[in-house]
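J.: File name target08.csv; file contents CSV, C-alpha atoms and all ligand atoms; full text below.
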chain,number,residue,atom,x,y,z
Q,1,MET,CA,-4.6,-38.3,3.2
Q,2,ILE,CA,-6.9,-35.7,1.6
Q,3,SER,CA,-8.0,-36.9,-1.9
Q,4,ARG,CA,-9.6,-35.1,-4.8
Q,5,ASP,CA,-12.8,-37.0,-3.9
Q,6,ASP,CA,-12.8,-35.3,-0.5
Q,7,ALA,CA,-12.7,-31.9,-2.3
Q,8,LEU,CA,-15.5,-32.9,-4.6
Q,9,ALA,CA,-17.6,-34.1,-1.6
Q,10,LEU,CA,-17.0,-30.7,0.1
Q,11,ASP,CA,-18.1,-28.9,-3.1
Q,12,ALA,CA,-21.2,-31.1,-3.3
Q,13,ALA,CA,-22.2,-30.2,0.3
Q,14,ASP,CA,-21.4,-26.5,-0.1
Q,15,PRO,CA,-24.5,-24.3,0.4
Q,16,LEU,CA,-23.0,-21.5,-1.6
Q,17,ALA,CA,-21.9,-23.6,-4.5
Q,18,HIS,CA,-24.8,-22.5,-6.7
Q,19,PHE,CA,-23.5,-18.9,-6.6
Q,20,ARG,CA,-20.8,-19.9,-9.2
Q,21,ASP,CA,-23.6,-20.1,-11.8
Q,22,ARG,CA,-24.2,-16.3,-11.3
Q,23,PHE,CA,-20.7,-15.6,-12.7
Q,24,HIS,CA,-19.4,-15.6,-16.2
Q,25,ILE,CA,-16.9,-18.5,-16.4
Q,26,PRO,CA,-15.8,-18.9,-20.0
Q,27,ASN,CA,-13.6,-22.0,-19.4
Q,28,PRO,CA,-14.7,-24.3,-16.5
Q,29,ASP,CA,-11.2,-25.8,-16.4
Q,30,VAL,CA,-9.6,-22.5,-15.3
Q,31,ILE,CA,-8.5,-22.8,-11.7
Q,32,TYR,CA,-9.0,-19.3,-10.4
Q,33,LEU,CA,-7.3,-18.6,-7.1
Q,34,ASP,CA,-6.8,-14.9,-7.5
Q,35,GLY,CA,-10.2,-13.5,-6.6
Q,36,ASN,CA,-8.4,-11.7,-3.7
Q,37,SER,CA,-6.9,-9.5,-6.4
Q,38,LEU,CA,-9.7,-9.3,-8.9
Q,39,GLY,CA,-13.0,-11.1,-8.4
Q,40,MET,CA,-14.7,-12.9,-11.2
Q,41,PRO,CA,-17.3,-11.1,-13.3
Q,42,PRO,CA,-21.0,-11.5,-12.3
Q,43,LYS,CA,-23.2,-12.3,-15.3
Q,44,ARG,CA,-25.6,-9.5,-14.2
Q,45,THR,CA,-22.8,-6.9,-14.5
Q,46,ILE,CA,-23.0,-7.0,-18.2
Q,47,GLU,CA,-26.8,-6.6,-18.2
Q,48,ARG,CA,-26.6,-3.7,-15.8
Q,49,ILE,CA,-24.0,-1.9,-17.7
Q,50,THR,CA,-25.8,-2.4,-21.0
Q,51,LYS,CA,-29.0,-1.1,-19.4
Q,52,ILE,CA,-27.2,2.0,-18.2
Q,53,TYR,CA,-25.7,2.5,-21.6
Q,54,ASN,CA,-28.9,2.0,-23.5
Q,55,ASN,CA,-31.6,3.4,-21.2
Q,56,ASP,CA,-29.9,5.9,-19.0
Q,57,TRP,CA,-27.2,7.3,-21.2
Q,58,ALA,CA,-28.3,6.8,-24.8
Q,59,ASN,CA,-32.0,7.5,-24.1
Q,60,GLY,CA,-32.0,9.5,-20.9
Q,61,LEU,CA,-29.0,11.6,-21.8
Q,62,ILE,CA,-28.3,14.4,-19.3
Q,63,ARG,CA,-31.7,13.7,-17.5
Q,64,SER,CA,-30.3,10.5,-16.0
Q,65,TRP,CA,-28.2,12.6,-13.6
Q,66,ASP,CA,-31.4,12.9,-11.6
Q,67,HIS,CA,-30.8,9.4,-10.3
Q,68,TRP,CA,-27.0,9.1,-11.0
Q,69,LEU,CA,-26.1,12.0,-8.7
Q,70,ASP,CA,-26.6,10.1,-5.4
Q,71,MET,CA,-25.3,6.7,-6.5
Q,72,PRO,CA,-22.2,7.0,-4.3
Q,73,GLN,CA,-24.5,7.3,-1.2
Q,74,HIS,CA,-27.0,4.8,-2.5
Q,75,VAL,CA,-24.4,2.1,-3.2
Q,76,GLY,CA,-22.7,3.0,0.1
Q,77,ASP,CA,-26.0,2.2,1.9
Q,78,GLU,CA,-26.1,-1.2,0.2
Q,79,LEU,CA,-22.5,-1.9,1.1
Q,80,ALA,CA,-22.9,-0.7,4.7
Q,81,PRO,CA,-24.4,-3.8,6.2
Q,82,LEU,CA,-21.6,-5.9,4.8
Q,83,ILE,CA,-19.2,-4.1,7.1
Q,84,GLY,CA,-21.4,-3.4,10.1
Q,85,ALA,CA,-22.0,0.2,9.2
Q,86,GLY,CA,-25.3,2.1,9.4
Q,87,PRO,CA,-27.2,3.9,6.7
Q,88,GLY,CA,-25.5,7.2,5.8
Q,89,GLU,CA,-22.1,6.1,7.0
Q,90,VAL,CA,-20.6,4.9,3.7
Q,91,VAL,CA,-20.0,6.4,0.3
Q,92,VAL,CA,-18.6,4.5,-2.7
Q,93,HIS,CA,-16.3,6.7,-4.8
Q,94,ASP,CA,-12.8,7.2,-6.2
Q,95,THR,CA,-9.9,4.8,-5.1
Q,96,THR,CA,-8.6,3.3,-1.9
Q,97,THR,CA,-5.4,5.4,-2.3
Q,98,LEU,CA,-7.3,8.7,-2.6
Q,99,ASN,CA,-9.7,7.7,0.2
Q,100,VAL,CA,-6.8,6.9,2.6
Q,101,TYR,CA,-5.3,10.3,1.7
Q,102,GLN,CA,-8.6,12.0,2.6
Q,103,LEU,CA,-9.1,10.2,5.9
Q,104,VAL,CA,-5.6,10.5,7.1
Q,105,HIS,CA,-5.8,14.3,6.5
Q,106,GLY,CA,-9.3,14.3,8.1
Q,107,ALA,CA,-8.1,12.5,11.2
Q,108,ILE,CA,-5.0,14.7,11.6
Q,109,GLY,CA,-7.4,17.7,11.6
Q,110,LEU,CA,-9.3,16.1,14.5
Q,111,ARG,CA,-6.2,15.6,16.6
Q,112,PRO,CA,-4.3,18.9,16.6
Q,113,GLY,CA,-1.0,19.0,18.5
Q,114,ARG,CA,-0.1,15.4,17.7
Q,115,THR,CA,2.6,15.2,15.0
Q,116,ALA,CA,3.0,11.5,14.1
Q,117,ILE,CA,1.2,9.0,11.9
Q,118,ALA,CA,1.6,5.3,12.7
Q,119,ILE,CA,1.7,2.5,10.1
Q,120,SER,CA,3.3,-0.9,9.8
Q,121,GLU,CA,6.3,-1.0,7.5
Q,122,HIS,CA,4.8,-4.3,6.2
Q,123,ASP,CA,1.5,-2.8,5.2
Q,124,PHE,CA,0.3,-2.5,1.6
Q,125,PRO,CA,2.6,-0.1,-0.3
Q,126,THR,CA,-0.1,2.5,-1.4
Q,127,ASP,CA,-1.1,3.0,2.3
Q,128,ARG,CA,2.6,3.5,3.3
Q,129,TYR,CA,3.4,5.8,0.4
Q,130,VAL,CA,0.3,8.0,1.1
Q,131,VAL,CA,1.3,8.2,4.7
Q,132,ASP,CA,4.9,9.1,3.8
Q,133,GLY,CA,3.7,11.8,1.4
Q,134,ILE,CA,1.4,13.4,3.9
Q,135,ALA,CA,4.1,13.3,6.6
Q,136,GLU,CA,6.6,14.9,4.3
Q,137,ALA,CA,4.2,17.6,3.2
Q,138,LEU,CA,3.1,18.5,6.8
Q,139,GLY,CA,6.4,17.9,8.6
Q,140,TYR,CA,4.9,14.9,10.6
Q,141,THR,CA,6.8,11.8,11.8
Q,142,VAL,CA,6.0,8.4,10.5
Q,143,ARG,CA,6.1,5.8,13.3
Q,144,HIS,CA,6.5,2.2,12.2
Q,145,GLY,CA,4.6,0.0,14.6
Q,146,PHE,CA,1.7,0.6,17.0
Q,147,ASP,CA,3.3,0.4,20.5
Q,148,GLN,CA,4.1,4.1,21.1
Q,149,LEU,CA,1.1,6.2,20.4
Q,150,ASP,CA,1.4,9.2,22.7
Q,151,ASP,CA,2.2,11.7,19.9
Q,152,VAL,CA,0.3,9.8,17.1
Q,153,ALA,CA,-2.7,11.6,15.6
Q,154,VAL,CA,-3.7,8.7,13.4
Q,155,VAL,CA,-2.9,5.0,12.8
Q,156,VAL,CA,-3.4,3.5,9.4
Q,157,ARG,CA,-3.8,-0.2,9.4
Q,158,SER,CA,-5.0,-3.1,7.2
Q,159,VAL,CA,-7.5,-5.4,8.9
Q,160,ILE,CA,-6.0,-8.4,7.0
Q,161,ASP,CA,-2.3,-8.6,6.0
Q,162,TYR,CA,-2.1,-8.7,2.2
Q,163,ARG,CA,0.8,-11.2,2.4
Q,164,THR,CA,0.2,-13.6,5.3
Q,165,SER,CA,-3.6,-13.2,5.6
Q,166,GLU,CA,-3.3,-12.5,9.4
Q,167,LEU,CA,-6.4,-10.8,10.8
Q,168,VAL,CA,-6.2,-8.0,13.4
Q,169,ASP,CA,-8.6,-7.9,16.4
Q,170,VAL,CA,-10.3,-4.7,15.2
Q,171,LYS,CA,-12.3,-4.2,18.3
Q,172,ALA,CA,-9.4,-4.6,20.8
Q,173,GLU,CA,-7.1,-2.5,18.7
Q,174,THR,CA,-9.6,0.2,18.0
Q,175,ALA,CA,-10.2,0.5,21.7
Q,176,ARG,CA,-6.5,0.6,22.5
Q,177,ILE,CA,-5.7,3.2,19.9
Q,178,HIS,CA,-8.6,5.4,21.0
Q,179,ASP,CA,-7.6,5.1,24.6
Q,180,ALA,CA,-4.2,6.4,23.6
Q,181,GLY,CA,-5.9,9.5,22.1
Q,182,ALA,CA,-5.4,8.6,18.4
Q,183,LEU,CA,-7.8,7.8,15.6
Q,184,VAL,CA,-7.5,4.8,13.3
Q,185,VAL,CA,-8.2,4.4,9.6
Q,186,TRP,CA,-8.9,0.8,8.9
Q,187,ASP,CA,-8.1,-0.5,5.4
Q,188,LEU,CA,-10.7,-3.2,4.7
Q,189,SER,CA,-9.5,-4.0,1.2
Q,190,HIS,CA,-8.9,-7.7,2.0
Q,191,ALA,CA,-11.8,-8.0,4.5
Q,192,VAL,CA,-14.9,-6.6,2.7
Q,193,GLY,CA,-16.9,-9.3,1.1
Q,194,ALA,CA,-14.6,-11.9,2.7
Q,195,ILE,CA,-15.2,-11.9,6.5
Q,196,GLU,CA,-17.9,-10.7,8.8
Q,197,ILE,CA,-16.9,-7.3,10.1
Q,198,ASP,CA,-18.8,-5.1,12.5
Q,199,LEU,CA,-17.4,-1.6,12.3
Q,200,ASN,CA,-20.1,0.0,14.5
Q,201,GLY,CA,-19.8,-2.9,17.1
Q,202,CYS,CA,-16.0,-2.5,17.2
Q,203,GLY,CA,-16.3,1.3,17.8
Q,204,ALA,CA,-14.4,1.9,14.5
Q,205,GLN,CA,-14.9,5.4,13.2
Q,206,LEU,CA,-12.9,5.6,9.9
Q,207,ALA,CA,-12.3,3.0,7.2
Q,208,VAL,CA,-11.7,2.5,3.5
Q,209,GLY,CA,-11.5,-0.5,1.2
Q,210,CYS,CA,-11.7,-1.5,-2.4
Q,211,THR,CA,-14.5,-3.4,-4.2
Q,212,TYR,CA,-12.7,-5.2,-7.0
Q,213,LYS,CA,-11.5,-8.1,-4.9
Q,214,PHE,CA,-14.0,-10.2,-2.9
Q,215,LEU,CA,-16.9,-7.9,-3.9
Q,216,ASN,CA,-16.5,-8.7,-7.6
Q,217,GLY,CA,-17.0,-5.1,-8.6
Q,218,GLY,CA,-14.7,-5.3,-11.7
Q,219,PRO,CA,-11.4,-3.8,-12.6
Q,220,GLY,CA,-11.1,-0.3,-11.2
Q,221,SER,CA,-14.5,-0.4,-9.4
Q,222,PRO,CA,-14.7,2.5,-6.9
Q,223,ALA,CA,-13.5,2.2,-3.3
Q,224,PHE,CA,-15.5,3.1,-0.3
Q,225,THR,CA,-15.1,5.5,2.6
Q,226,TYR,CA,-16.7,4.9,6.0
Q,227,VAL,CA,-17.0,7.7,8.6
Q,228,ALA,CA,-19.0,7.0,11.7
Q,229,LYS,CA,-21.9,9.3,12.3
Q,230,GLU,CA,-20.4,11.0,15.3
Q,231,LEU,CA,-17.4,12.3,13.3
Q,232,GLN,CA,-19.3,13.4,10.2
Q,233,SER,CA,-20.0,17.0,11.2
Q,234,THR,CA,-16.5,17.8,12.3
Q,235,ILE,CA,-14.2,15.9,9.9
Q,236,ARG,CA,-12.7,18.0,7.2
Q,237,GLN,CA,-11.2,16.5,4.1
Q,238,PRO,CA,-8.5,18.1,2.0
Q,239,ILE,CA,-10.0,17.9,-1.5
Q,240,TRP,CA,-12.7,20.5,-1.8
Q,241,GLY,CA,-14.6,19.3,-4.8
Q,242,TRP,CA,-18.1,20.3,-5.9
Q,243,PHE,CA,-19.7,17.0,-5.0
Q,244,ALA,CA,-18.8,17.6,-1.4
Q,245,THR,CA,-20.2,21.0,-1.1
Q,246,GLU,CA,-23.6,22.2,0.1
Q,247,ASN,CA,-25.9,23.3,-2.7
Q,248,GLN,CA,-23.7,21.9,-5.3
Q,249,PHE,CA,-25.6,23.5,-8.2
Q,250,ALA,CA,-25.7,26.9,-6.6
Q,251,MET,CA,-22.2,27.2,-8.0
Q,252,GLY,CA,-21.4,29.4,-5.0
Q,253,PRO,CA,-18.2,31.4,-4.4
Q,254,THR,CA,-16.9,29.2,-1.5
Q,255,PHE,CA,-16.8,25.6,-0.4
Q,256,GLN,CA,-19.2,24.7,2.4
Q,257,PRO,CA,-18.8,21.0,3.3
Q,258,ARG,CA,-22.0,19.0,3.3
Q,259,PRO,CA,-23.2,18.0,6.8
Q,260,ASP,CA,-23.1,14.3,6.2
Q,261,ILE,CA,-21.0,11.5,4.7
Q,262,ALA,CA,-21.3,13.1,1.2
Q,263,ARG,CA,-18.7,15.6,2.4
Q,264,MET,CA,-16.2,12.9,1.6
Q,265,LEU,CA,-17.0,13.0,-2.1
Q,266,MET,CA,-14.9,14.9,-4.6
Q,267,GLY,CA,-15.9,15.1,-8.3
Q,268,THR,CA,-18.2,13.4,-10.8
Q,269,PRO,CA,-18.8,9.7,-9.8
Q,270,THR,CA,-17.8,7.0,-12.3
Q,271,ILE,CA,-21.4,5.8,-13.0
Q,272,MET,CA,-20.6,2.7,-15.1
Q,273,ALA,CA,-18.1,1.4,-12.6
Q,274,LEU,CA,-20.4,2.2,-9.7
Q,275,ALA,CA,-23.2,0.2,-11.3
Q,276,ALA,CA,-20.8,-2.8,-11.8
Q,277,CYS,CA,-19.8,-2.4,-8.1
Q,278,GLU,CA,-23.4,-2.4,-7.0
Q,279,VAL,CA,-24.0,-5.8,-8.7
Q,280,GLY,CA,-21.1,-7.3,-6.8
Q,281,VAL,CA,-22.3,-5.7,-3.5
Q,282,GLN,CA,-25.8,-7.1,-4.0
Q,283,LEU,CA,-24.5,-10.6,-4.7
Q,284,SER,CA,-22.6,-10.6,-1.4
Q,285,ALA,CA,-25.6,-9.2,0.4
Q,286,GLU,CA,-27.8,-12.0,-1.1
Q,287,ALA,CA,-25.4,-14.7,0.0
Q,288,GLY,CA,-25.0,-13.1,3.4
Q,289,MET,CA,-21.7,-12.3,5.2
Q,290,LYS,CA,-22.2,-15.1,7.8
Q,291,ALA,CA,-22.3,-17.8,5.1
Q,292,ILE,CA,-19.5,-16.2,3.1
Q,293,HIS,CA,-17.3,-16.0,6.1
Q,294,ALA,CA,-18.1,-19.6,7.1
Q,295,LYS,CA,-17.2,-20.9,3.6
Q,296,GLY,CA,-14.1,-18.7,3.5
Q,297,SER,CA,-12.9,-20.3,6.7
Q,298,ALA,CA,-13.6,-23.8,5.4
Q,299,LEU,CA,-11.7,-23.1,2.2
Q,300,THR,CA,-8.7,-21.6,3.9
Q,301,GLY,CA,-8.7,-24.4,6.5
Q,302,PHE,CA,-8.8,-27.0,3.6
Q,303,ALA,CA,-5.9,-25.1,1.8
Q,304,ILE,CA,-3.8,-25.2,5.0
Q,305,ASP,CA,-4.4,-28.9,5.5
Q,306,LEU,CA,-3.3,-29.4,1.8
Q,307,CYS,CA,-0.2,-27.4,2.5
Q,308,ASP,CA,0.6,-29.6,5.4
Q,309,GLN,CA,0.0,-32.8,3.3
Q,310,PHE,CA,2.2,-31.5,0.5
Q,311,GLY,CA,4.9,-30.1,2.8
Q,312,LEU,CA,4.3,-26.5,1.6
Q,313,PRO,CA,5.2,-24.0,4.4
Q,314,THR,CA,2.6,-21.4,5.1
Q,315,PRO,CA,2.8,-18.3,7.4
Q,316,THR,CA,-1.0,-18.0,7.4
Q,317,PRO,CA,-2.5,-18.3,10.9
Q,318,ARG,CA,-3.9,-21.7,11.7
Q,319,ASP,CA,-6.6,-20.3,14.0
Q,320,PRO,CA,-9.5,-19.5,11.7
Q,321,ALA,CA,-10.4,-16.6,13.9
Q,322,ARG,CA,-7.1,-15.0,13.1
Q,323,ARG,CA,-7.0,-15.2,9.3
Q,324,GLY,CA,-8.7,-13.8,6.2
Q,325,ASN,CA,-9.6,-15.5,2.9
Q,326,HIS,CA,-6.3,-16.2,1.3
Q,327,VAL,CA,-3.6,-18.6,2.2
Q,328,ALA,CA,0.1,-17.8,1.6
Q,329,VAL,CA,2.5,-20.4,0.5
Q,330,GLU,CA,6.2,-19.8,0.8
Q,331,HIS,CA,8.2,-21.2,-2.1
Q,332,PRO,CA,11.8,-20.6,-3.2
Q,333,ASN,CA,10.7,-20.3,-6.8
Q,334,ALA,CA,7.4,-18.5,-6.2
Q,335,LYS,CA,7.6,-15.9,-9.0
Q,336,ALA,CA,8.6,-18.3,-11.8
Q,337,LEU,CA,6.2,-20.9,-10.6
Q,338,VAL,CA,3.2,-18.6,-10.6
Q,339,HIS,CA,4.2,-17.4,-14.1
Q,340,ALA,CA,4.5,-21.0,-15.4
Q,341,LEU,CA,1.1,-22.0,-13.8
Q,342,HIS,CA,-0.6,-19.1,-15.5
Q,343,SER,CA,0.1,-20.6,-18.9
Q,344,ARG,CA,-1.6,-23.8,-17.7
Q,345,ASP,CA,-4.8,-21.8,-16.7
Q,346,ILE,CA,-3.9,-22.2,-13.0
Q,347,LEU,CA,-4.1,-18.6,-11.6
Q,348,PHE,CA,-2.5,-17.8,-8.3
Q,349,ASP,CA,-0.7,-14.6,-7.6
Q,350,PHE,CA,2.8,-13.8,-6.4
Q,351,ARG,CA,3.9,-11.4,-3.7
Q,352,GLU,CA,7.5,-10.4,-3.0
Q,353,PRO,CA,9.7,-12.0,-1.8
Q,354,ASN,CA,8.6,-15.6,-2.0
Q,355,ILE,CA,4.8,-15.8,-1.5
Q,356,ILE,CA,2.2,-17.6,-3.6
Q,357,ARG,CA,-1.2,-16.5,-2.6
Q,358,ALA,CA,-4.2,-18.8,-2.9
Q,359,GLY,CA,-7.2,-16.6,-2.9
Q,360,CYS,CA,-10.4,-18.2,-1.6
Q,361,SER,CA,-13.5,-16.3,-2.9
Q,362,PRO,CA,-16.5,-17.9,-1.3
Q,363,LEU,CA,-18.9,-17.2,-4.1
Q,364,THR,CA,-16.7,-18.7,-6.8
Q,365,THR,CA,-13.9,-20.8,-5.4
Q,366,ARG,CA,-14.3,-24.6,-5.3
Q,367,PHE,CA,-12.6,-26.9,-2.9
Q,368,ALA,CA,-11.5,-28.8,-6.0
Q,369,ASP,CA,-9.8,-25.7,-7.3
Q,370,LEU,CA,-7.7,-25.6,-4.2
Q,371,PHE,CA,-6.9,-29.3,-4.4
Q,372,ASP,CA,-5.9,-29.1,-8.1
Q,373,GLY,CA,-4.0,-25.8,-7.7
Q,374,LEU,CA,-2.0,-26.8,-4.7
Q,375,THR,CA,-1.3,-30.2,-6.2
Q,376,ALA,CA,0.2,-28.4,-9.2
Q,377,VAL,CA,2.3,-26.2,-6.9
Q,378,ALA,CA,3.5,-29.2,-4.9
Q,379,HIS,CA,4.4,-31.2,-8.0
Q,380,SER,CA,6.1,-28.4,-10.0
Q,401,LIG,C1,-4.7,-3.2,1.6
Q,401,LIG,C2,-4.8,-2.5,0.3
Q,401,LIG,N1,-4.9,-1.2,0.2
Q,401,LIG,C3,-5.1,-0.6,-1.0
Q,401,LIG,C4,-5.0,-1.3,-2.2
Q,401,LIG,C5,-5.1,-0.7,-3.5
Q,401,LIG,O1,-5.4,0.7,-3.6
Q,401,LIG,P1,-6.1,1.2,-4.9
Q,401,LIG,O2,-7.5,0.5,-5.1
Q,401,LIG,O3,-6.2,2.7,-4.8
Q,401,LIG,O4,-5.2,0.8,-6.1
Q,401,LIG,C6,-4.8,-2.7,-2.2
Q,401,LIG,C7,-4.8,-3.5,-3.4
Q,401,LIG,O5,-4.5,-4.6,-3.5
Q,401,LIG,C8,-4.7,-3.3,-0.9
Q,401,LIG,O6,-4.5,-4.6,-0.8
Please rewrite the model in this file as structure tokens.

T.:
Amino acid sequence: MISRDDALALDAADPLAHFRDRFHIPNPDVIYLDGNSLGMPPKRTIERITKIYNNDWANGLIRSWDHWLDMPQHVGDELAPLIGAGPGEVVVHDTTTLNVYQLVHGAIGLRPGRTAIAISEHDFPTDRYVVDGIAEALGYTVRHGFDQLDDVAVVVRSVIDYRTSELVDVKAETARIHDAGALVVWDLSHAVGAIEIDLNGCGAQLAVGCTYKFLNGGPGSPAFTYVAKELQSTIRQPIWGWFATENQFAMGPTFQPRPDIARMLMGTPTIMALAACEVGVQLSAEAGMKAIHAKGSALTGFAIDLCDQFGLPTPTPRDPARRGNHVAVEHPNAKALVHALHSRDILFDFREPNIIRAGCSPLTTRFADLFDGLTAVAHS
């Protein structure tokens, strides 16, 4: 039998436990198990935003664009090591939705003659909708599933399933998809800041992801785009904005894509949000993805053991190598229960049709949170 004391002992031995002090936690009794949707606010975010407001904006005024202009590339370079990308391969900008749109278009342009896009019908809605919209506009076929790839230009695929937490073998699947002549856009939204990932080592060439979940970038913090070096000079994206053009301030008559990753940019970057995102990225970098991944595995393993103890069914893989940093619990009353627990300061989230997700954010989640939260689910 796992007891609450066992959870406390695991917290006491946790080498990342002290990172919780770096976050603003107004009420220590809140049981927060939804960092996989919205990470907690780092204390330094407020200082950083205040500094940008007071120093850069209020005092520097327009002059501050001298160092704001390349923030998408700069923050991208800081984020790159967290996903196994190199310098100059990542930009932080816009939203995951928009960036999927860009990369699918870009990939299609690199695979002329192929007329299908493959995606799982169970993948996150925005990815599916974007794929459907592009297919409708271009007269392409949407293929659900990844077995038949001979006419597929591009596969769009989440690294971690947003419902079950199942983790794809990125290296093996990238190789299989490339061997079939297609490209793959990986969606790292549930993976970045959660698990160790080595895009370069996996041969992955295209990826996107959001920064407001495990990276603690804040609500609406910008997403990222990764394009491997070897594709950067040939990929074309469909939104020809002035931040993606050569000699931006020459205000030239025609669009000339920049030669590097900056060709994926569009319009004016959201500086405040980028600054908040950068703080979150730096915290994960400081903790290190190896330690973060190890704690994530320990937390999800503990949650699965608790599910077993309480008789709560979970579709989340038991093999730690095959799962991300949340655990799904199937419950006949999932929606009403999540709602009721919110009023008791126990914050899980609900996903259709019957899933309660317990998000395990290694920088902020305590083993005791999982014990208390899942006890509340089991006894409700
Ligand atoms: C896999 C995945 N893709 C995309 C998104 C969201 O896209 P956006 O940041 O554009 O809202 C989410 C949000 O939870 C997600 O889980």

J.: Which of these residues is nearest to ligand LIG 401 (chain Q), using all atoms listed in the file: Q:Lys171, Q:Arg143, Q:Arg366, Q:His93?

T.: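 Checking each candidate against ligand LIG 401 (chain Q), we get Q:His93 as the closest.
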
J.: Please identify all protein, DNA and RNA residues within 8 Å of ligand LIG 401 (chain Q), counting only C-alpha atoms and all ligand atoms, and report them as an MDAnalysis selection string.

T.: chainID Q and resid 37 95:99 123:127 158 160:162 187:190 209:210 212:213 220 222:223

J.: For a test of reading the model, state the distance in Å between CA of Gly181 in chain Q and CA of Val156 in chain Q, rounded to one decimal.

T.: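 Distance between the two atoms: 14.3 Å.
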
J.: When distances are computed from only C-alpha atoms, which of Q:Tyr32, Q:Tyr129, Q:Phe371, Q:Phe224 shows the smallest separation from Phe302 in chain Q?

T.: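 Checking each of Q:Tyr32, Q:Tyr129, Q:Phe371, Q:Phe224 against Phe302 in chain Q, counting only C-alpha atoms, the winner is Q:Phe371.
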
J.: Report the distance between CA of Leu79 in chain Q and CA of Met289 in chain Q in Å, rounded to one decimal place.

T.: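 Taking CA of Leu79 in chain Q and CA of Met289 in chain Q, their separation equals 11.2 Å.
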
J.: With N, CA and C atoms as the goal, would you fill in the gaps in range 189-200 of chain Q and present it as a PDB file, in the frame of the given file?

T.:
ATOM      1  N   SER Q 189      -9.595  -3.535   2.561  1.00  0.00           N
ATOM      2  CA  SER Q 189      -9.500  -4.000   1.200  1.00  0.00           C
ATOM      3  C   SER Q 189      -9.606  -5.565   1.100  1.00  0.00           C
ATOM      4  N   HIS Q 190      -8.913  -6.260   2.017  1.00  0.00           N
ATOM      5  CA  HIS Q 190      -8.900  -7.700   2.000  1.00  0.00           C
ATOM      6  C   HIS Q 190     -10.007  -8.336   2.850  1.00  0.00           C
ATOM      7  N   ALA Q 191     -10.785  -7.486   3.513  1.00  0.00           N
ATOM      8  CA  ALA Q 191     -11.800  -8.000   4.500  1.00  0.00           C
ATOM      9  C   ALA Q 191     -13.204  -7.890   3.915  1.00  0.00           C
ATOM     10  N   VAL Q 192     -13.477  -6.816   3.171  1.00  0.00           N
ATOM     11  CA  VAL Q 192     -14.900  -6.600   2.700  1.00  0.00           C
ATOM     12  C   VAL Q 192     -15.286  -7.678   1.730  1.00  0.00           C
ATOM     13  N   GLY Q 193     -16.424  -8.262   1.980  1.00  0.00           N
ATOM     14  CA  GLY Q 193     -16.900  -9.300   1.100  1.00  0.00           C
ATOM     15  C   GLY Q 193     -16.225 -10.668   1.407  1.00  0.00           C
ATOM     16  N   ALA Q 194     -15.311 -10.680   2.393  1.00  0.00           N
ATOM     17  CA  ALA Q 194     -14.600 -11.900   2.700  1.00  0.00           C
ATOM     18  C   ALA Q 194     -14.930 -12.404   4.111  1.00  0.00           C
ATOM     19  N   ILE Q 195     -14.909 -11.503   5.080  1.00  0.00           N
ATOM     20  CA  ILE Q 195     -15.200 -11.900   6.500  1.00  0.00           C
ATOM     21  C   ILE Q 195     -16.271 -11.017   7.053  1.00  0.00           C
ATOM     22  N   GLU Q 196     -16.904 -11.524   8.080  1.00  0.00           N
ATOM     23  CA  GLU Q 196     -17.900 -10.700   8.800  1.00  0.00           C
ATOM     24  C   GLU Q 196     -17.146  -9.623   9.547  1.00  0.00           C
ATOM     25  N   ILE Q 197     -17.628  -8.411   9.427  1.00  0.00           N
ATOM     26  CA  ILE Q 197     -16.900  -7.300  10.100  1.00  0.00           C
ATOM     27  C   ILE Q 197     -18.005  -6.382  10.649  1.00  0.00           C
ATOM     28  N   ASP Q 198     -17.793  -5.889  11.863  1.00  0.00           N
ATOM     29  CA  ASP Q 198     -18.800  -5.100  12.500  1.00  0.00           C
ATOM     30  C   ASP Q 198     -18.183  -3.761  12.973  1.00  0.00           C
ATOM     31  N   LEU Q 199     -18.061  -2.831  12.028  1.00  0.00           N
ATOM     32  CA  LEU Q 199     -17.400  -1.600  12.300  1.00  0.00           C
ATOM     33  C   LEU Q 199     -18.030  -0.850  13.499  1.00  0.00           C
ATOM     34  N   ASN Q 200     -19.357  -0.728  13.445  1.00  0.00           N
ATOM     35  CA  ASN Q 200     -20.100   0.000  14.500  1.00  0.00           C
ATOM     36  C   ASN Q 200     -19.832  -0.752  15.857  1.00  0.00           C
TER      37      ASN Q 200
END
